[in-house]
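Dropping target-v8.cif in here (mmCIF, N, CA and C atoms):
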```cif
data_input
loop_
_atom_site.label_atom_id
_atom_site.label_comp_id
_atom_site.auth_asym_id
_atom_site.auth_seq_id
_atom_site.Cartn_x
_atom_site.Cartn_y
_atom_site.Cartn_z
N MET A 900 -4.47 -2.88 -19.86
CA MET A 900 -3.67 -3.15 -18.69
C MET A 900 -2.72 -4.29 -19.02
N ALA A 901 -1.44 -4.06 -18.87
CA ALA A 901 -0.43 -5.07 -19.14
C ALA A 901 -0.51 -6.19 -18.10
N SER A 902 -0.24 -7.40 -18.53
CA SER A 902 -0.27 -8.54 -17.63
C SER A 902 1.15 -8.88 -17.19
N HIS A 903 1.31 -9.05 -15.88
CA HIS A 903 2.61 -9.46 -15.35
C HIS A 903 2.42 -10.03 -13.95
N THR A 904 3.41 -10.74 -13.50
CA THR A 904 3.42 -11.23 -12.13
C THR A 904 4.56 -10.51 -11.42
N GLY A 905 4.26 -10.02 -10.24
CA GLY A 905 5.28 -9.31 -9.48
C GLY A 905 5.40 -9.88 -8.08
N THR A 906 6.50 -9.57 -7.45
CA THR A 906 6.72 -9.98 -6.07
C THR A 906 7.06 -8.76 -5.24
N GLY A 907 6.98 -8.93 -3.95
CA GLY A 907 7.33 -7.86 -3.04
C GLY A 907 7.69 -8.46 -1.70
N SER A 908 8.27 -7.60 -0.83
CA SER A 908 8.66 -8.08 0.49
C SER A 908 8.88 -6.90 1.41
N CYS A 909 9.04 -7.22 2.67
CA CYS A 909 9.42 -6.21 3.66
C CYS A 909 10.93 -6.00 3.57
N LEU A 910 11.44 -5.07 4.33
CA LEU A 910 12.87 -4.74 4.32
C LEU A 910 13.76 -5.93 4.68
N CYS A 911 13.37 -6.71 5.69
CA CYS A 911 14.21 -7.82 6.12
C CYS A 911 13.97 -9.10 5.31
N GLY A 912 12.92 -9.12 4.48
CA GLY A 912 12.65 -10.28 3.64
C GLY A 912 11.84 -11.37 4.31
N THR A 913 11.41 -11.16 5.54
CA THR A 913 10.62 -12.18 6.23
C THR A 913 9.26 -12.35 5.57
N VAL A 914 8.59 -11.24 5.26
CA VAL A 914 7.28 -11.29 4.61
C VAL A 914 7.51 -11.14 3.11
N LYS A 915 6.96 -12.10 2.35
CA LYS A 915 7.05 -12.07 0.90
C LYS A 915 5.65 -12.27 0.34
N TYR A 916 5.36 -11.60 -0.77
CA TYR A 916 4.06 -11.74 -1.40
C TYR A 916 4.20 -11.70 -2.91
N GLN A 917 3.13 -12.07 -3.58
CA GLN A 917 3.08 -12.06 -5.05
C GLN A 917 1.79 -11.39 -5.49
N VAL A 918 1.86 -10.64 -6.57
CA VAL A 918 0.67 -10.04 -7.18
C VAL A 918 0.65 -10.46 -8.64
N ASP A 919 -0.55 -10.74 -9.14
CA ASP A 919 -0.71 -11.12 -10.54
C ASP A 919 -1.40 -10.00 -11.29
N ASN A 920 -0.86 -9.68 -12.45
CA ASN A 920 -1.38 -8.62 -13.31
C ASN A 920 -1.10 -7.26 -12.71
N SER A 921 -1.43 -6.25 -13.44
CA SER A 921 -1.18 -4.88 -12.99
C SER A 921 -2.14 -4.48 -11.89
N ALA A 922 -1.71 -3.53 -11.08
CA ALA A 922 -2.60 -2.97 -10.05
C ALA A 922 -3.80 -2.34 -10.75
N GLU A 923 -4.94 -2.39 -10.10
CA GLU A 923 -6.14 -1.76 -10.68
C GLU A 923 -6.13 -0.26 -10.47
N SER A 924 -5.40 0.18 -9.46
CA SER A 924 -5.29 1.60 -9.16
C SER A 924 -4.01 1.83 -8.39
N VAL A 925 -3.42 3.00 -8.56
CA VAL A 925 -2.25 3.40 -7.78
C VAL A 925 -2.50 4.84 -7.34
N LEU A 926 -2.45 5.07 -6.03
CA LEU A 926 -2.76 6.39 -5.48
C LEU A 926 -1.65 6.88 -4.57
N HIS A 927 -1.43 8.19 -4.59
CA HIS A 927 -0.56 8.84 -3.62
C HIS A 927 -1.49 9.41 -2.53
N CYS A 928 -1.40 8.89 -1.32
CA CYS A 928 -2.27 9.35 -0.23
C CYS A 928 -1.50 10.30 0.68
N HIS A 929 -2.08 11.48 0.90
CA HIS A 929 -1.45 12.52 1.70
C HIS A 929 -2.11 12.65 3.09
N CYS A 930 -2.98 11.72 3.49
CA CYS A 930 -3.63 11.84 4.80
C CYS A 930 -2.58 11.77 5.90
N TRP A 931 -2.91 12.32 7.05
CA TRP A 931 -1.94 12.39 8.14
C TRP A 931 -1.54 11.00 8.62
N MET A 932 -2.45 10.01 8.56
CA MET A 932 -2.10 8.67 9.03
C MET A 932 -1.08 8.01 8.10
N CYS A 933 -1.26 8.14 6.80
CA CYS A 933 -0.30 7.56 5.86
C CYS A 933 1.06 8.25 5.99
N ARG A 934 1.03 9.58 6.17
CA ARG A 934 2.30 10.30 6.35
C ARG A 934 3.03 9.82 7.59
N LYS A 935 2.31 9.65 8.69
CA LYS A 935 2.93 9.17 9.94
C LYS A 935 3.44 7.74 9.77
N GLN A 936 2.62 6.89 9.15
CA GLN A 936 3.00 5.49 8.99
C GLN A 936 4.23 5.33 8.13
N HIS A 937 4.36 6.11 7.08
CA HIS A 937 5.48 5.96 6.15
C HIS A 937 6.65 6.89 6.45
N GLY A 938 6.42 7.89 7.31
CA GLY A 938 7.49 8.84 7.61
C GLY A 938 7.90 9.63 6.39
N ALA A 939 6.92 9.95 5.55
CA ALA A 939 7.20 10.63 4.29
C ALA A 939 6.06 11.60 3.97
N ALA A 940 6.23 12.38 2.91
CA ALA A 940 5.22 13.37 2.52
C ALA A 940 3.91 12.72 2.11
N PHE A 941 3.97 11.50 1.60
CA PHE A 941 2.77 10.75 1.22
C PHE A 941 3.12 9.28 1.11
N ALA A 942 2.09 8.45 1.03
CA ALA A 942 2.27 7.01 0.81
C ALA A 942 1.70 6.67 -0.55
N THR A 943 2.35 5.79 -1.27
CA THR A 943 1.84 5.33 -2.56
C THR A 943 1.34 3.90 -2.38
N TRP A 944 0.06 3.71 -2.71
CA TRP A 944 -0.61 2.42 -2.54
C TRP A 944 -1.05 1.87 -3.89
N ALA A 945 -0.88 0.57 -4.10
CA ALA A 945 -1.31 -0.12 -5.31
C ALA A 945 -2.43 -1.10 -4.92
N PHE A 946 -3.54 -1.04 -5.64
CA PHE A 946 -4.75 -1.80 -5.32
C PHE A 946 -4.83 -3.09 -6.14
N TYR A 947 -5.01 -4.22 -5.43
CA TYR A 947 -5.16 -5.53 -6.07
C TYR A 947 -6.37 -6.27 -5.49
N PRO A 948 -7.24 -6.85 -6.35
CA PRO A 948 -8.27 -7.74 -5.82
C PRO A 948 -7.57 -8.92 -5.12
N ILE A 949 -8.18 -9.44 -4.09
CA ILE A 949 -7.53 -10.46 -3.27
C ILE A 949 -7.20 -11.72 -4.07
N GLY A 950 -7.94 -12.00 -5.12
CA GLY A 950 -7.65 -13.17 -5.96
C GLY A 950 -6.36 -13.04 -6.74
N ARG A 951 -5.80 -11.84 -6.80
CA ARG A 951 -4.54 -11.60 -7.51
C ARG A 951 -3.40 -11.28 -6.55
N PHE A 952 -3.61 -11.58 -5.28
CA PHE A 952 -2.62 -11.32 -4.23
C PHE A 952 -2.41 -12.59 -3.44
N ARG A 953 -1.15 -12.93 -3.17
CA ARG A 953 -0.84 -14.12 -2.38
C ARG A 953 0.31 -13.83 -1.42
N LEU A 954 0.12 -14.19 -0.15
CA LEU A 954 1.23 -14.16 0.80
C LEU A 954 2.05 -15.41 0.57
N LEU A 955 3.34 -15.25 0.36
CA LEU A 955 4.21 -16.40 0.10
C LEU A 955 4.97 -16.85 1.35
N ALA A 956 5.27 -15.92 2.23
CA ALA A 956 6.04 -16.25 3.44
C ALA A 956 5.84 -15.15 4.48
N GLY A 957 6.03 -15.51 5.73
CA GLY A 957 6.06 -14.53 6.80
C GLY A 957 4.73 -14.17 7.44
N THR A 958 3.71 -14.94 7.20
CA THR A 958 2.40 -14.63 7.79
C THR A 958 2.51 -14.43 9.30
N GLU A 959 3.35 -15.23 9.96
CA GLU A 959 3.51 -15.14 11.41
C GLU A 959 4.16 -13.83 11.85
N ALA A 960 4.83 -13.13 10.94
CA ALA A 960 5.50 -11.87 11.28
C ALA A 960 4.61 -10.66 11.04
N LEU A 961 3.41 -10.87 10.51
CA LEU A 961 2.52 -9.75 10.24
C LEU A 961 1.85 -9.24 11.50
N GLN A 962 1.82 -7.95 11.65
CA GLN A 962 1.13 -7.29 12.76
C GLN A 962 0.24 -6.23 12.13
N THR A 963 -0.97 -6.11 12.62
CA THR A 963 -1.89 -5.10 12.09
C THR A 963 -2.24 -4.10 13.17
N TYR A 964 -2.09 -2.84 12.83
CA TYR A 964 -2.51 -1.74 13.70
C TYR A 964 -3.84 -1.25 13.16
N ILE A 965 -4.88 -1.28 13.98
CA ILE A 965 -6.20 -0.82 13.58
C ILE A 965 -6.23 0.69 13.74
N SER A 966 -6.14 1.41 12.61
CA SER A 966 -6.05 2.87 12.67
C SER A 966 -7.42 3.54 12.66
N SER A 967 -8.45 2.81 12.27
CA SER A 967 -9.83 3.31 12.32
C SER A 967 -10.76 2.11 12.28
N GLU A 968 -12.03 2.35 12.40
CA GLU A 968 -13.00 1.26 12.46
C GLU A 968 -12.91 0.30 11.28
N LYS A 969 -12.60 0.81 10.10
CA LYS A 969 -12.61 -0.02 8.89
C LYS A 969 -11.24 -0.27 8.29
N VAL A 970 -10.19 0.23 8.93
CA VAL A 970 -8.86 0.14 8.31
C VAL A 970 -7.83 -0.45 9.26
N GLY A 971 -7.10 -1.43 8.73
CA GLY A 971 -5.95 -1.99 9.41
C GLY A 971 -4.71 -1.71 8.58
N ARG A 972 -3.64 -1.32 9.21
CA ARG A 972 -2.36 -1.05 8.54
C ARG A 972 -1.40 -2.16 8.98
N THR A 973 -1.06 -3.01 8.04
CA THR A 973 -0.28 -4.20 8.36
C THR A 973 1.19 -3.99 8.05
N PHE A 974 2.03 -4.41 8.99
CA PHE A 974 3.46 -4.22 8.87
C PHE A 974 4.19 -5.47 9.34
N CYS A 975 5.49 -5.54 9.03
CA CYS A 975 6.32 -6.65 9.49
C CYS A 975 6.77 -6.37 10.92
N ARG A 976 6.52 -7.32 11.80
CA ARG A 976 6.92 -7.20 13.20
C ARG A 976 8.43 -7.23 13.37
N GLU A 977 9.14 -7.83 12.42
CA GLU A 977 10.61 -7.95 12.52
C GLU A 977 11.33 -6.64 12.17
N CYS A 978 10.96 -6.03 11.04
CA CYS A 978 11.70 -4.85 10.57
C CYS A 978 10.87 -3.57 10.57
N GLY A 979 9.56 -3.68 10.77
CA GLY A 979 8.70 -2.51 10.82
C GLY A 979 8.20 -2.00 9.49
N SER A 980 8.54 -2.66 8.39
CA SER A 980 8.09 -2.20 7.08
C SER A 980 6.57 -2.15 6.99
N SER A 981 6.06 -1.02 6.51
CA SER A 981 4.64 -0.88 6.21
C SER A 981 4.37 -1.67 4.94
N LEU A 982 3.38 -2.56 4.97
CA LEU A 982 3.15 -3.45 3.84
C LEU A 982 1.78 -3.31 3.19
N PHE A 983 0.72 -3.40 4.01
CA PHE A 983 -0.62 -3.50 3.44
C PHE A 983 -1.60 -2.59 4.18
N PHE A 984 -2.59 -2.16 3.43
CA PHE A 984 -3.67 -1.32 3.94
C PHE A 984 -4.95 -2.06 3.57
N ALA A 985 -5.67 -2.53 4.56
CA ALA A 985 -6.84 -3.36 4.29
C ALA A 985 -7.76 -3.33 5.51
N PRO A 986 -8.95 -3.91 5.38
CA PRO A 986 -9.81 -4.03 6.57
C PRO A 986 -9.09 -4.77 7.69
N PRO A 987 -9.49 -4.54 8.92
CA PRO A 987 -8.79 -5.11 10.08
C PRO A 987 -8.61 -6.63 10.06
N GLU A 988 -9.44 -7.37 9.34
CA GLU A 988 -9.34 -8.83 9.35
C GLU A 988 -8.27 -9.38 8.41
N PHE A 989 -7.43 -8.52 7.84
CA PHE A 989 -6.36 -8.97 6.95
C PHE A 989 -5.53 -10.03 7.66
N PRO A 990 -5.12 -11.11 7.04
CA PRO A 990 -5.33 -11.47 5.64
C PRO A 990 -6.52 -12.40 5.40
N LYS A 991 -7.46 -12.48 6.32
CA LYS A 991 -8.62 -13.38 6.17
C LYS A 991 -9.84 -12.61 5.68
N ARG A 992 -10.69 -13.29 4.95
CA ARG A 992 -11.99 -12.78 4.51
C ARG A 992 -11.92 -11.42 3.81
N LEU A 993 -11.00 -11.26 2.91
CA LEU A 993 -10.87 -9.99 2.20
C LEU A 993 -11.28 -10.11 0.75
N THR A 994 -11.65 -8.99 0.16
CA THR A 994 -11.93 -8.95 -1.27
C THR A 994 -10.83 -8.19 -2.02
N ALA A 995 -10.06 -7.38 -1.31
CA ALA A 995 -9.01 -6.60 -1.96
C ALA A 995 -7.99 -6.15 -0.92
N VAL A 996 -6.84 -5.72 -1.42
CA VAL A 996 -5.78 -5.22 -0.54
C VAL A 996 -5.03 -4.10 -1.26
N TRP A 997 -4.62 -3.11 -0.49
CA TRP A 997 -3.74 -2.05 -0.97
C TRP A 997 -2.35 -2.41 -0.52
N VAL A 998 -1.41 -2.49 -1.45
CA VAL A 998 -0.03 -2.83 -1.17
C VAL A 998 0.80 -1.55 -1.16
N ALA A 999 1.66 -1.38 -0.17
CA ALA A 999 2.58 -0.24 -0.17
C ALA A 999 3.49 -0.42 -1.38
N ALA A 1000 3.34 0.46 -2.37
CA ALA A 1000 4.02 0.30 -3.66
C ALA A 1000 5.54 0.21 -3.52
N GLY A 1001 6.10 0.86 -2.53
CA GLY A 1001 7.54 0.80 -2.31
C GLY A 1001 8.05 -0.56 -1.91
N THR A 1002 7.16 -1.47 -1.51
CA THR A 1002 7.59 -2.82 -1.13
C THR A 1002 7.58 -3.78 -2.31
N LEU A 1003 7.06 -3.34 -3.45
CA LEU A 1003 7.11 -4.16 -4.66
C LEU A 1003 8.55 -4.25 -5.14
N ASP A 1004 8.96 -5.41 -5.63
CA ASP A 1004 10.31 -5.57 -6.17
C ASP A 1004 10.44 -4.90 -7.53
N GLY A 1005 9.31 -4.69 -8.20
CA GLY A 1005 9.31 -4.05 -9.51
C GLY A 1005 8.24 -2.97 -9.54
N GLU A 1006 7.60 -2.85 -10.67
CA GLU A 1006 6.59 -1.83 -10.89
C GLU A 1006 5.19 -2.40 -10.63
N PRO A 1007 4.22 -1.54 -10.27
CA PRO A 1007 2.85 -2.02 -10.09
C PRO A 1007 2.12 -2.26 -11.41
N GLY A 1008 2.77 -1.95 -12.53
CA GLY A 1008 2.16 -2.22 -13.83
C GLY A 1008 1.35 -1.07 -14.38
N ARG A 1009 1.33 0.03 -13.67
CA ARG A 1009 0.64 1.23 -14.15
C ARG A 1009 1.19 2.44 -13.41
N LYS A 1010 0.98 3.58 -13.99
CA LYS A 1010 1.40 4.84 -13.37
C LYS A 1010 0.39 5.23 -12.30
N PRO A 1011 0.76 6.10 -11.36
CA PRO A 1011 -0.21 6.58 -10.36
C PRO A 1011 -1.38 7.29 -11.04
N ASP A 1012 -2.56 7.12 -10.43
CA ASP A 1012 -3.80 7.70 -10.97
C ASP A 1012 -4.07 9.09 -10.42
N SER A 1013 -3.78 9.30 -9.13
CA SER A 1013 -4.13 10.59 -8.53
C SER A 1013 -3.49 10.75 -7.15
N HIS A 1014 -3.68 11.94 -6.62
CA HIS A 1014 -3.31 12.28 -5.24
C HIS A 1014 -4.62 12.38 -4.46
N ILE A 1015 -4.68 11.76 -3.28
CA ILE A 1015 -5.89 11.85 -2.45
C ILE A 1015 -5.54 12.46 -1.10
N PHE A 1016 -6.55 12.98 -0.44
CA PHE A 1016 -6.41 13.65 0.86
C PHE A 1016 -5.40 14.79 0.80
N VAL A 1017 -5.42 15.54 -0.30
CA VAL A 1017 -4.48 16.66 -0.42
C VAL A 1017 -4.85 17.79 0.53
N SER A 1018 -6.06 17.76 1.09
CA SER A 1018 -6.44 18.79 2.06
C SER A 1018 -5.58 18.70 3.32
N CYS A 1019 -4.95 17.55 3.57
CA CYS A 1019 -4.09 17.42 4.74
C CYS A 1019 -2.65 17.13 4.36
N LYS A 1020 -2.25 17.49 3.16
CA LYS A 1020 -0.87 17.21 2.74
C LYS A 1020 0.12 18.01 3.58
N ALA A 1021 1.35 17.53 3.61
CA ALA A 1021 2.41 18.22 4.35
C ALA A 1021 2.62 19.60 3.76
N ALA A 1022 2.65 20.61 4.61
CA ALA A 1022 2.82 22.00 4.15
C ALA A 1022 4.16 22.20 3.45
N TRP A 1023 5.14 21.40 3.79
CA TRP A 1023 6.48 21.54 3.21
C TRP A 1023 6.66 20.83 1.89
N TYR A 1024 5.59 20.15 1.40
CA TYR A 1024 5.68 19.40 0.15
C TYR A 1024 4.79 20.05 -0.91
N ALA A 1025 5.34 20.27 -2.09
CA ALA A 1025 4.57 20.82 -3.21
C ALA A 1025 4.32 19.72 -4.24
N ILE A 1026 3.06 19.51 -4.60
CA ILE A 1026 2.73 18.56 -5.66
C ILE A 1026 3.04 19.24 -6.99
N THR A 1027 3.91 18.65 -7.76
CA THR A 1027 4.34 19.30 -9.01
C THR A 1027 3.94 18.55 -10.27
N ASP A 1028 3.24 17.42 -10.14
CA ASP A 1028 2.82 16.70 -11.35
C ASP A 1028 1.41 17.13 -11.75
N ASP A 1029 0.92 16.58 -12.84
CA ASP A 1029 -0.40 16.95 -13.37
C ASP A 1029 -1.48 15.93 -13.03
N LEU A 1030 -1.21 15.03 -12.08
CA LEU A 1030 -2.22 14.05 -11.71
C LEU A 1030 -3.42 14.73 -11.06
N PRO A 1031 -4.61 14.16 -11.21
CA PRO A 1031 -5.78 14.71 -10.53
C PRO A 1031 -5.56 14.70 -9.01
N GLN A 1032 -6.17 15.69 -8.34
CA GLN A 1032 -6.06 15.79 -6.89
C GLN A 1032 -7.44 15.81 -6.26
N SER A 1033 -7.59 15.09 -5.16
CA SER A 1033 -8.86 15.05 -4.44
C SER A 1033 -8.61 15.52 -3.01
N ALA A 1034 -9.47 16.40 -2.53
CA ALA A 1034 -9.32 16.92 -1.16
C ALA A 1034 -9.42 15.79 -0.14
N GLU A 1035 -10.29 14.83 -0.38
CA GLU A 1035 -10.48 13.68 0.53
C GLU A 1035 -10.15 12.40 -0.17
#
```

Have the structure of the file written as structure tokens, please.
Amino acid sequence: MASHTGTGSCLCGTVKYQVDNSAESVLHCHCWMCRKQHGAAFATWAFYPIGRFRLLAGTEALQTYISSEKVGRTFCRECGSSLFFAPPEFPKRLTAVWVAAGTLDGEPGRKPDSHIFVSCKAAWYAITDDLPQSAE
């Protein structure tokens, strides 16, 4: 795994964050909630242990929507950018965070690992790569 430091932000730049080293995993999620949240055929998430993730600015602009008992989807209140997927207590008391890969200023440091929740993928989208696929 290549070592690098990366930054990311929301669309308006209010929320800024930093990640150290490459993501441990990168997934394309096709579940209906990720599709609705991102307004796209799927969402790409990059996984970082919390010790390699730092909020640099904009904590006050973060809003979390609790989409299920164990999941909070955090976005910027100013511009609406989807930013993080983590337990509802984000950004406190966490061990890891999934970062919306599109909000990174550069690369997550690795290629995507797989497609998940393909059982609910958009009917109008065809997966054309050779990545592993998981129904759930």

Selection near Ile965 of chain A, 8 Å with only N, CA and C atoms, sequence-local residues under 6 positions removed, as a PDB file with N, CA and C atoms, keeping the file's coordinate frame:
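Final output, saved to result02.pdb:
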```pdb
ATOM      1  N   GLY A 971      -7.100  -1.430   8.730  1.00  0.00           N
ATOM      2  CA  GLY A 971      -5.950  -1.990   9.410  1.00  0.00           C
ATOM      3  C   GLY A 971      -4.710  -1.710   8.580  1.00  0.00           C
ATOM      4  N   ARG A 972      -3.640  -1.320   9.210  1.00  0.00           N
ATOM      5  CA  ARG A 972      -2.360  -1.050   8.540  1.00  0.00           C
ATOM      6  C   ARG A 972      -1.400  -2.160   8.980  1.00  0.00           C
ATOM      7  N   THR A 973      -1.060  -3.010   8.040  1.00  0.00           N
ATOM      8  CA  THR A 973      -0.280  -4.200   8.360  1.00  0.00           C
ATOM      9  C   THR A 973       1.190  -3.990   8.050  1.00  0.00           C
ATOM     10  N   PRO A 986      -8.950  -3.910   5.380  1.00  0.00           N
ATOM     11  CA  PRO A 986      -9.810  -4.030   6.570  1.00  0.00           C
ATOM     12  C   PRO A 986      -9.090  -4.770   7.690  1.00  0.00           C
ATOM     13  N   PRO A 987      -9.490  -4.540   8.920  1.00  0.00           N
ATOM     14  CA  PRO A 987      -8.790  -5.110  10.080  1.00  0.00           C
ATOM     15  C   PRO A 987      -8.610  -6.630  10.060  1.00  0.00           C
TER      16      PRO A 987
END
```

When the PyMOL selection byres ((chain A and resi 1002) around 7) is applied to the file above, which residues end up in the set, as a list in words?
Thr906, Gly907, Ser908, Cys909, Ser981, Leu982, Val998, Ala999, Ala1000, Gly1001, Leu1003, Asp1004 and Gly1005 of chain A

Selection result of the PyMOL selection byres (((chain A and resi 935-939 and name CA) around 9) and name CA) on this file, as number ranges by chain
A: 930-934, 940-942, 972, 980-981, 1021

Between atom CA of Thr963 of chain A and atom CA of Trp1023 of chain A lies a distance of 29.3 Å

At a cut-off of 10 Å, using only C-alpha atoms, what residues contact Glu959 of chain A? Leave out same-chain residues fewer than 2 positions from it and give the result as a list in words.
Thr913, Val914, Ala956, Gly957, Leu961, Gln962, Cys975 and Arg976 of chain A

The selected residues should be written to file as a short mmCIF file (atom, residue, chain, number, x, y, z; two decimals), in the coordinates of the input (atoms: N, CA and C atoms).
```cif
data_model
loop_
_atom_site.label_atom_id
_atom_site.label_comp_id
_atom_site.auth_asym_id
_atom_site.auth_seq_id
_atom_site.Cartn_x
_atom_site.Cartn_y
_atom_site.Cartn_z
N THR A 913 11.41 -11.16 5.54
CA THR A 913 10.62 -12.18 6.23
C THR A 913 9.26 -12.35 5.57
N VAL A 914 8.59 -11.24 5.26
CA VAL A 914 7.28 -11.29 4.61
C VAL A 914 7.51 -11.14 3.11
N ALA A 956 5.27 -15.92 2.23
CA ALA A 956 6.04 -16.25 3.44
C ALA A 956 5.84 -15.15 4.48
N GLY A 957 6.03 -15.51 5.73
CA GLY A 957 6.06 -14.53 6.80
C GLY A 957 4.73 -14.17 7.44
N LEU A 961 3.41 -10.87 10.51
CA LEU A 961 2.52 -9.75 10.24
C LEU A 961 1.85 -9.24 11.50
N GLN A 962 1.82 -7.95 11.65
CA GLN A 962 1.13 -7.29 12.76
C GLN A 962 0.24 -6.23 12.13
N CYS A 975 5.49 -5.54 9.03
CA CYS A 975 6.32 -6.65 9.49
C CYS A 975 6.77 -6.37 10.92
N ARG A 976 6.52 -7.32 11.80
CA ARG A 976 6.92 -7.20 13.20
C ARG A 976 8.43 -7.23 13.37
#
```

At a cut-off of 6.5 Å, using only N, CA and C atoms, what residues contact Trp997 of chain A? Leave out same-chain residues fewer than 3 positions from it and give the result as a PyMOL selection string.
chain A and resi 944-947+982-985

Which one is closest to His927 of chain A: A:Ser1018, A:Ser1013, A:Ser967, A:Thr904? Count only C-alpha atoms.
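Selected residue with least distance to His927 of chain A: A:Ser1013.
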
Figure out the distance between atom CA of Pro1011 of chain A and atom N of Thr1027 of chain A, please, to one decimal in Å.
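So the answer is 13.0 Å.
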
Option closest in space to Glu923 of chain A, from A:Leu954, A:Ser966, A:Phe974, A:Arg1009 [counting all atoms listed in the file]
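Nearest candidate to Glu923 of chain A out of A:Leu954, A:Ser966, A:Phe974, A:Arg1009: A:Arg1009.
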
I'd like the interatomic distance between atom CA of Asp1029 of chain A and atom CA of Pro1007 of chain A, to a tenth of an Å.
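Interatomic distance, atom CA of Asp1029 of chain A to atom CA of Pro1007 of chain A: 19.5 Å.
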
Quick one: residues within 6.5 Å of Phe952 of chain A, only N, CA and C atoms counted, chain neighbours fewer than 3 positions away excluded, as a VMD selection string?
chain A and resid 917 to 919 947 to 949

DSSP-assigned alpha helix (DSSP H) among chain A, expressed as a list in words
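After running DSSP on the backbone, chain A has alpha helix (DSSP H) at Trp931, Met932, Cys933, Arg934, Lys935, Gln936 and His937 of chain A.
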
May I ask which of the residues A:Cys978, A:Gly950, A:Cys928, A:Glu968 is the closest one to Cys1019 of chain A, counting all atoms listed in the file?
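Of the candidates, the smallest distance to Cys1019 of chain A is held by A:Cys928.
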
Segment 922-991 of chain A: which residues are strand (DSSP E or B) by DSSP, as a VMD selection string?
chain A and resid 924 to 928 942 to 948 952 to 956 961 to 967 970 to 975 981 to 985

(-7.4, 13.5, -9.4) in this file's frame - what residues fall within 5 Å of it? Use all atoms listed in the file and give the answer as a PyMOL selection string.
chain A and resi 1013-1014+1030-1033

Of the residues A:Arg953, A:Thr994, A:Ala1025, A:Tyr964, which is the one nearest to Tyr916 of chain A, using all atoms listed in the file?
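Using all atoms listed in the file, Tyr916 of chain A sits closest to A:Arg953.
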